[in-house]
file start_35.txt (compact mmCIF, C-alpha atoms)
# COMPACT_ATOMS: atom_id res chain seq x y z
CA MET Z 1 -65.55 47.42 35.78
CA ASN Z 2 -65.91 47.18 32.03
CA LEU Z 3 -69.15 45.27 31.48
CA ALA Z 4 -68.74 45.25 27.69
CA ALA Z 5 -65.47 43.33 28.03
CA ALA Z 6 -67.16 40.62 30.11
CA ARG Z 7 -69.88 40.10 27.52
CA PRO Z 8 -69.17 37.31 25.00
CA GLU Z 9 -68.72 38.48 21.42
CA LEU Z 10 -71.89 38.12 19.35
CA ARG Z 11 -71.13 36.38 16.09
CA LEU Z 12 -73.07 34.55 13.38
CA PRO Z 13 -71.36 31.21 12.56
CA GLY Z 14 -70.43 30.75 8.90
CA VAL Z 15 -71.16 33.19 6.12
CA GLY Z 16 -74.28 35.38 6.12
CA GLY Z 17 -75.45 33.97 2.80
CA ILE Z 18 -75.96 30.47 4.18
CA TRP Z 19 -78.26 31.89 6.87
CA VAL Z 20 -80.36 33.73 4.28
CA PHE Z 21 -80.68 30.45 2.37
CA VAL Z 22 -81.48 28.51 5.57
CA PHE Z 23 -84.24 30.89 6.64
CA ALA Z 24 -85.70 31.01 3.12
CA ASP Z 25 -85.75 27.20 2.98
CA MET Z 26 -87.23 26.93 6.47
CA THR Z 27 -89.94 29.44 5.57
CA MET Z 28 -90.85 27.40 2.49
CA PHE Z 29 -91.14 24.29 4.67
CA ALA Z 30 -93.23 26.20 7.25
CA LEU Z 31 -95.68 27.14 4.50
CA MET Z 32 -95.90 23.47 3.51
CA PHE Z 33 -96.58 22.56 7.17
CA VAL Z 34 -99.48 25.03 7.15
CA CYS Z 35 -100.87 23.59 3.88
CA PHE Z 36 -100.62 20.07 5.35
CA MET Z 37 -102.48 21.10 8.51
CA LEU Z 38 -105.19 22.91 6.54
CA ASP Z 39 -105.82 19.85 4.36
CA ARG Z 40 -105.72 17.64 7.44
CA HIS Z 41 -108.31 19.92 9.01
CA ALA Z 42 -110.53 19.41 5.96
CA SER Z 43 -110.26 15.57 6.00
CA PRO Z 44 -109.31 14.49 9.55
CA ALA Z 45 -110.58 10.90 9.25
CA LEU Z 46 -108.66 10.21 6.02
CA PHE Z 47 -105.46 11.75 7.38
CA GLU Z 48 -105.73 9.85 10.68
CA GLU Z 49 -106.42 6.53 8.98
CA SER Z 50 -103.49 7.07 6.61
CA ARG Z 51 -101.19 8.19 9.41
CA GLN Z 52 -101.77 4.87 11.13
CA ALA Z 53 -100.21 3.13 8.12
CA LEU Z 54 -96.88 4.86 8.94
CA ASN Z 55 -94.35 3.17 11.17
CA ARG Z 56 -93.45 5.65 13.91
CA ASP Z 57 -90.41 3.55 14.84
CA PHE Z 58 -88.81 4.54 11.52
CA GLY Z 59 -89.60 8.20 12.15
CA GLY Z 60 -88.40 8.12 15.74
CA VAL Z 61 -85.16 6.28 15.01
CA ASN Z 62 -84.47 8.60 12.07
CA THR Z 63 -84.88 11.58 14.40
CA LEU Z 64 -82.39 10.07 16.86
CA ILE Z 65 -79.97 9.42 13.97
CA LEU Z 66 -80.12 13.01 12.67
CA LEU Z 67 -79.87 14.55 16.15
CA THR Z 68 -76.76 12.44 16.81
CA SER Z 69 -75.30 13.42 13.46
CA SER Z 70 -75.86 17.10 14.22
CA MET Z 71 -74.23 16.74 17.63
CA LEU Z 72 -71.17 15.09 16.03
CA VAL Z 73 -70.83 18.00 13.61
CA VAL Z 74 -70.96 20.43 16.54
CA LEU Z 75 -68.18 18.42 18.22
CA ALA Z 76 -66.11 18.57 15.00
CA ILE Z 77 -66.43 22.37 14.82
CA GLU Z 78 -65.73 22.64 18.56
CA ALA Z 79 -62.55 20.54 18.13
CA MET Z 80 -61.36 22.95 15.45
CA LYS Z 81 -62.10 25.98 17.61
CA ARG Z 82 -60.24 24.43 20.55
CA GLY Z 83 -57.10 23.87 18.47
CA ARG Z 84 -57.60 20.11 18.14
CA PRO Z 85 -58.35 19.83 14.40
CA ARG Z 86 -57.10 16.24 14.22
CA LEU Z 87 -60.27 15.13 16.03
CA ALA Z 88 -62.53 16.75 13.43
CA PRO Z 89 -62.30 14.18 10.58
CA GLY Z 90 -63.46 11.39 12.90
CA PHE Z 91 -66.49 13.38 14.00
CA PHE Z 92 -67.33 14.34 10.41
CA ALA Z 93 -67.01 10.69 9.30
CA LEU Z 94 -69.37 9.53 12.06
CA ALA Z 95 -71.83 12.32 11.21
CA LEU Z 96 -71.69 11.21 7.56
CA ALA Z 97 -72.31 7.60 8.60
CA CYS Z 98 -75.43 8.78 10.45
CA GLY Z 99 -76.58 10.68 7.37
CA CYS Z 100 -76.13 7.54 5.25
CA ALA Z 101 -78.00 5.48 7.87
CA PHE Z 102 -80.92 7.89 7.54
CA MET Z 103 -80.99 7.34 3.76
CA VAL Z 104 -80.88 3.54 4.16
CA SER Z 105 -83.70 3.67 6.71
CA LYS Z 106 -85.74 5.87 4.36
CA ALA Z 107 -85.17 3.43 1.51
CA PHE Z 108 -86.53 0.58 3.67
CA GLU Z 109 -89.50 2.70 4.68
CA TYR Z 110 -90.37 3.73 1.10
CA THR Z 111 -89.94 0.14 -0.10
CA GLY Z 112 -92.41 -1.07 2.53
CA LYS Z 113 -94.94 1.53 1.41
CA PHE Z 114 -94.57 0.65 -2.28
CA GLN Z 115 -94.88 -3.08 -1.49
CA ALA Z 116 -98.11 -2.33 0.38
CA GLY Z 117 -99.38 -0.57 -2.74
CA ILE Z 118 -99.09 2.90 -1.21
CA THR Z 119 -97.87 5.66 -3.51
CA MET Z 120 -98.07 9.43 -3.82
CA LEU Z 121 -101.36 8.99 -5.69
CA THR Z 122 -103.05 6.93 -2.95
CA ASN Z 123 -104.60 9.98 -1.26
CA ASP Z 124 -103.84 13.54 -0.10
CA PHE Z 125 -102.07 12.39 3.07
CA PHE Z 126 -99.63 10.21 1.16
CA MET Z 127 -99.12 12.92 -1.42
CA TYR Z 128 -97.91 15.17 1.44
CA TYR Z 129 -95.99 12.29 3.00
CA PHE Z 130 -93.99 11.52 -0.15
CA ILE Z 131 -93.50 15.16 -1.20
CA LEU Z 132 -92.43 16.44 2.23
CA THR Z 133 -90.20 13.48 3.08
CA GLY Z 134 -88.92 13.37 -0.52
CA ILE Z 135 -87.88 17.03 -0.53
CA HIS Z 136 -86.32 16.50 2.87
CA LEU Z 137 -84.48 13.43 1.58
CA VAL Z 138 -83.00 15.53 -1.24
CA HIS Z 139 -81.74 17.90 1.47
CA VAL Z 140 -80.24 14.90 3.34
CA ILE Z 141 -78.45 13.72 0.18
CA ALA Z 142 -77.05 17.22 -0.41
CA GLY Z 143 -76.09 17.38 3.27
CA ASN Z 144 -74.22 14.09 3.01
CA VAL Z 145 -72.24 15.50 0.09
CA VAL Z 146 -71.45 18.57 2.22
CA LEU Z 147 -70.34 16.34 5.12
CA ALA Z 148 -68.16 14.25 2.78
CA VAL Z 149 -66.49 17.44 1.49
CA LEU Z 150 -65.92 18.71 5.05
CA TRP Z 151 -64.54 15.32 6.12
CA ARG Z 152 -62.13 15.22 3.18
CA LYS Z 153 -61.07 18.83 3.61
CA SER Z 154 -60.55 18.42 7.37
CA ARG Z 155 -58.27 15.42 6.69
CA SER Z 156 -56.13 17.12 4.10
CA ALA Z 157 -55.89 20.62 5.53
CA PRO Z 158 -56.26 21.09 9.26
CA ALA Z 159 -58.63 23.96 9.88
CA GLY Z 160 -57.22 27.34 10.55
CA GLY Z 161 -58.49 30.42 8.85
CA SER Z 162 -61.26 28.61 6.98
CA LEU Z 163 -63.51 27.86 9.96
CA SER Z 164 -66.27 29.83 8.28
CA LEU Z 165 -66.51 27.22 5.51
CA TYR Z 166 -66.96 24.41 8.05
CA GLU Z 167 -69.49 26.44 10.02
CA SER Z 168 -71.50 27.16 6.86
CA GLY Z 169 -71.67 23.46 5.98
CA ALA Z 170 -72.56 22.63 9.58
CA THR Z 171 -75.35 25.22 9.59
CA TYR Z 172 -76.90 23.61 6.51
CA TRP Z 173 -76.73 20.15 8.11
CA HIS Z 174 -78.32 21.41 11.33
CA MET Z 175 -81.17 22.85 9.26
CA VAL Z 176 -81.73 19.41 7.70
CA ASP Z 177 -81.92 17.98 11.23
CA LEU Z 178 -84.22 20.79 12.41
CA LEU Z 179 -86.65 20.28 9.53
CA TRP Z 180 -86.94 16.57 10.31
CA VAL Z 181 -87.58 17.42 13.98
CA CYS Z 182 -90.67 19.28 12.68
CA LEU Z 183 -91.69 16.87 9.91
CA PHE Z 184 -91.62 13.74 12.04
CA PRO Z 185 -94.30 14.75 14.58
CA LEU Z 186 -96.38 16.46 11.91
CA LEU Z 187 -96.66 13.37 9.71
CA TYR Z 188 -96.29 10.51 12.19
CA LEU Z 189 -97.62 11.74 15.53
CA VAL Z 190 -100.40 14.32 15.03
CA ARG Z 191 -103.67 12.49 15.65
CA MET D 1 -63.86 17.80 28.72
CA SER D 2 -64.56 21.51 28.19
CA SER D 3 -67.75 23.12 29.48
CA ALA D 4 -68.82 23.80 25.87
CA VAL D 5 -68.61 20.09 25.03
CA LYS D 6 -70.44 19.20 28.25
CA SER D 7 -73.32 21.52 27.37
CA ILE D 8 -73.47 20.14 23.80
CA LEU D 9 -73.70 16.59 25.16
CA ALA D 10 -76.32 17.62 27.75
CA VAL D 11 -78.46 19.25 25.05
CA TRP D 12 -78.06 16.18 22.80
CA LEU D 13 -79.15 13.89 25.65
CA LEU D 14 -82.19 16.08 26.32
CA LEU D 15 -83.08 16.01 22.61
CA MET D 16 -82.76 12.21 22.49
CA LEU D 17 -84.86 11.67 25.63
CA SER D 18 -87.58 14.08 24.52
CA THR D 19 -87.70 12.37 21.10
CA ALA D 20 -88.11 8.98 22.78
CA ALA D 21 -90.84 10.41 25.04
CA SER D 22 -92.75 11.81 22.06
CA THR D 23 -92.31 8.76 19.84
CA TRP D 24 -92.90 5.91 22.22
CA GLY D 25 -94.56 7.56 25.25
CA LEU D 26 -97.00 10.30 24.25
CA SER D 27 -98.11 8.50 21.08
CA ARG D 28 -99.59 5.56 23.06
CA PRO D 29 -103.36 5.14 22.62
CA ALA D 30 -103.80 5.61 26.37
CA VAL D 31 -102.91 9.30 25.98
CA ALA D 32 -105.80 11.44 24.70
CA PRO D 33 -105.18 12.52 21.07
CA THR D 34 -105.45 16.26 21.72
CA VAL D 35 -103.20 16.11 24.79
CA SER D 36 -100.71 13.92 22.93
CA THR D 37 -100.63 16.11 19.81
CA LEU D 38 -100.26 19.41 21.67
CA ALA D 39 -97.58 17.98 23.97
CA VAL D 40 -95.69 16.55 21.00
CA MET D 41 -95.88 19.91 19.20
CA VAL D 42 -94.67 21.87 22.23
CA ILE D 43 -91.80 19.41 22.67
CA ALA D 44 -90.93 19.71 18.96
CA ALA D 45 -90.87 23.52 19.23
CA ILE D 46 -88.55 23.32 22.26
CA LYS D 47 -86.32 20.86 20.39
CA VAL D 48 -86.11 23.19 17.39
CA GLY D 49 -85.22 26.04 19.74
CA LEU D 50 -82.44 23.96 21.32
CA VAL D 51 -81.06 22.93 17.90
CA MET D 52 -81.04 26.57 16.78
CA ALA D 53 -79.48 27.88 19.99
CA TYR D 54 -76.89 25.21 20.77
CA PHE D 55 -76.17 23.34 17.51
CA MET D 56 -76.54 26.19 15.02
CA GLY D 57 -74.99 28.66 17.47
CA LEU D 58 -77.76 31.25 17.34
CA ARG D 59 -77.54 31.87 21.09
CA CYS D 60 -74.28 33.74 20.44
CA ALA D 61 -75.52 35.44 17.24
CA PRO D 62 -76.49 39.12 16.85
CA LEU D 63 -80.00 39.99 17.98
CA PRO D 64 -81.68 40.19 14.52
CA TRP D 65 -80.69 36.59 13.75
CA ARG D 66 -81.79 35.35 17.18
CA LEU D 67 -85.10 37.12 16.65
CA ALA D 68 -85.50 35.56 13.21
CA GLY D 69 -85.00 32.10 14.72
CA ALA D 70 -87.42 32.76 17.58
CA ILE D 71 -90.06 34.18 15.23
CA TRP D 72 -89.79 31.16 12.90
CA VAL D 73 -90.28 28.67 15.75
CA ALA D 74 -93.12 30.65 17.36
CA ALA D 75 -94.94 31.28 14.07
CA ALA D 76 -94.63 27.69 12.80
CA ALA D 77 -95.68 26.14 16.13
CA ALA D 78 -98.56 28.60 16.63
CA ALA D 79 -99.88 28.11 13.08
CA VAL D 80 -99.81 24.31 13.36
CA MET D 81 -101.47 24.27 16.80
CA ILE D 82 -104.12 26.89 15.93
CA ILE D 83 -105.14 24.99 12.78
CA TYR D 84 -105.18 21.74 14.75
CA LEU D 85 -107.47 23.20 17.41
CA ALA D 86 -109.73 25.09 14.96

call {"tool": "encode", "arguments": {"input": "start_35.txt", "output": "structure tokens"}}
result
Amino acid sequence: MNLAAARPELRLPGVGGIWVFVFADMTMFALMFVCFMLDRHASPALFEESRQALNRDFGGVNTLILLTSSMLVVLAIEAMKRGRPRLAPGFFALALACGCAFMVSKAFEYTGKFQAGITMLTNDFFMYYFILTGIHLVHVIAGNVVLAVLWRKSRSAPAGGSLSLYESGATYWHMVDLLWVCLFPLLYLVR
Amino acid sequence: MSSAVKSILAVWLLLMLSTAASTWGLSRPAVAPTVSTLAVMVIAAIKVGLVMAYFMGLRCAPLPWRLAGAIWVAAAAAAVMIIYLA
């Protein structure tokens, strides 16, 4: 029996370059997580008091939104792989709608903070809060552009040989989701 | 429905339920802060691992890339929890 033939082929989705970018970006975020925790360790009472001013419902719902968006992108790629590319635009459009919902939710959340007189200059916790969520929001905006491009491309030219392009865009979007999965508990739930 | 789609949906459901448990269950004042924080962090690390493996497709990637993903999750989670407990 040929065991090698039974083993599934190992393959990195998308182009290698996107993975180098993804790991570099994730490493930068990990360093920021460490800085946040070190400063939290230095001023636990201030960070805890400030954390209580955040609305965890926003953070939790935003996590559910991004996880759903990521899942829809996986379904779009899966539809292309299974020879059903006509399903892909619908999945990409729904994933994009989720990405836009995240931005709208973030706008409401930021507005509430500004109306309460909370800004980046309020204290160290809110400096981290606005910088970390702000950088992440820039990633979300870029990701929504990527999803819009994939949606448009999947409508006009059914996927065939260009699966790598779709997988690269999807990998970026999953990273955006993954970073929020880390950021949310760090900012909203660590007490 | 293919088995691949079924596993994607199962992972998504697990991610949604664990997010709800962290957000609205473990964060209740009745749960001790240290227990809550460590549980939330462990759940987050598992969620990141699931996203990497099943959504990003790392479970079928060559070993060096799978190792890179595993090292990132382990290092980030360990650093955050060690600083928290220090």

call {"tool": "interface_residues", "arguments": {"input": "start_35.txt", "of": "chain D", "to": "chain Z", "cutoff": "9 Å", "atoms": "all atoms listed in the file", "output": "ChimeraX atom specification"}}
result
/D:4-5,8-9,11-12,15-16,19-20,22-24,26-27,33-34,36-38,40-41,44-45,47-48,51-52,54-63,65,68-69,72,75-76,79-81,83-84,86

call {"tool": "residues_around", "arguments": {"input": "start_35.txt", "residues": "Z:Val145", "least_positions_apart": "6", "cutoff": "10 Å", "atoms": "all atoms listed in the file", "output": "list in words"}}
result
Leu96, Gly99, His139, Trp151 and Gly169 of chain Z

call {"tool": "atom_distance", "arguments": {"input": "start_35.txt", "atom1": "atom CA of D:Val42", "atom2": "atom CA of D:Val73"}}
result
10.4 Å

call {"tool": "atom_distance", "arguments": {"input": "start_35.txt", "atom1": "atom CA of Z:Asp124", "atom2": "atom CA of Z:Gly143"}}
result
28.2 Å

call {"tool": "atom_distance", "arguments": {"input": "start_35.txt", "atom1": "atom CA of Z:Tyr129", "atom2": "atom CA of Z:Arg51"}}
result
9.2 Å

call {"tool": "closest_residue", "arguments": {"input": "start_35.txt", "among": "Z:Leu147, Z:Phe102, Z:Ala45, Z:Ser50", "to": "Z:Thr119", "atoms": "all atoms listed in the file"}}
result
Z:Ser50
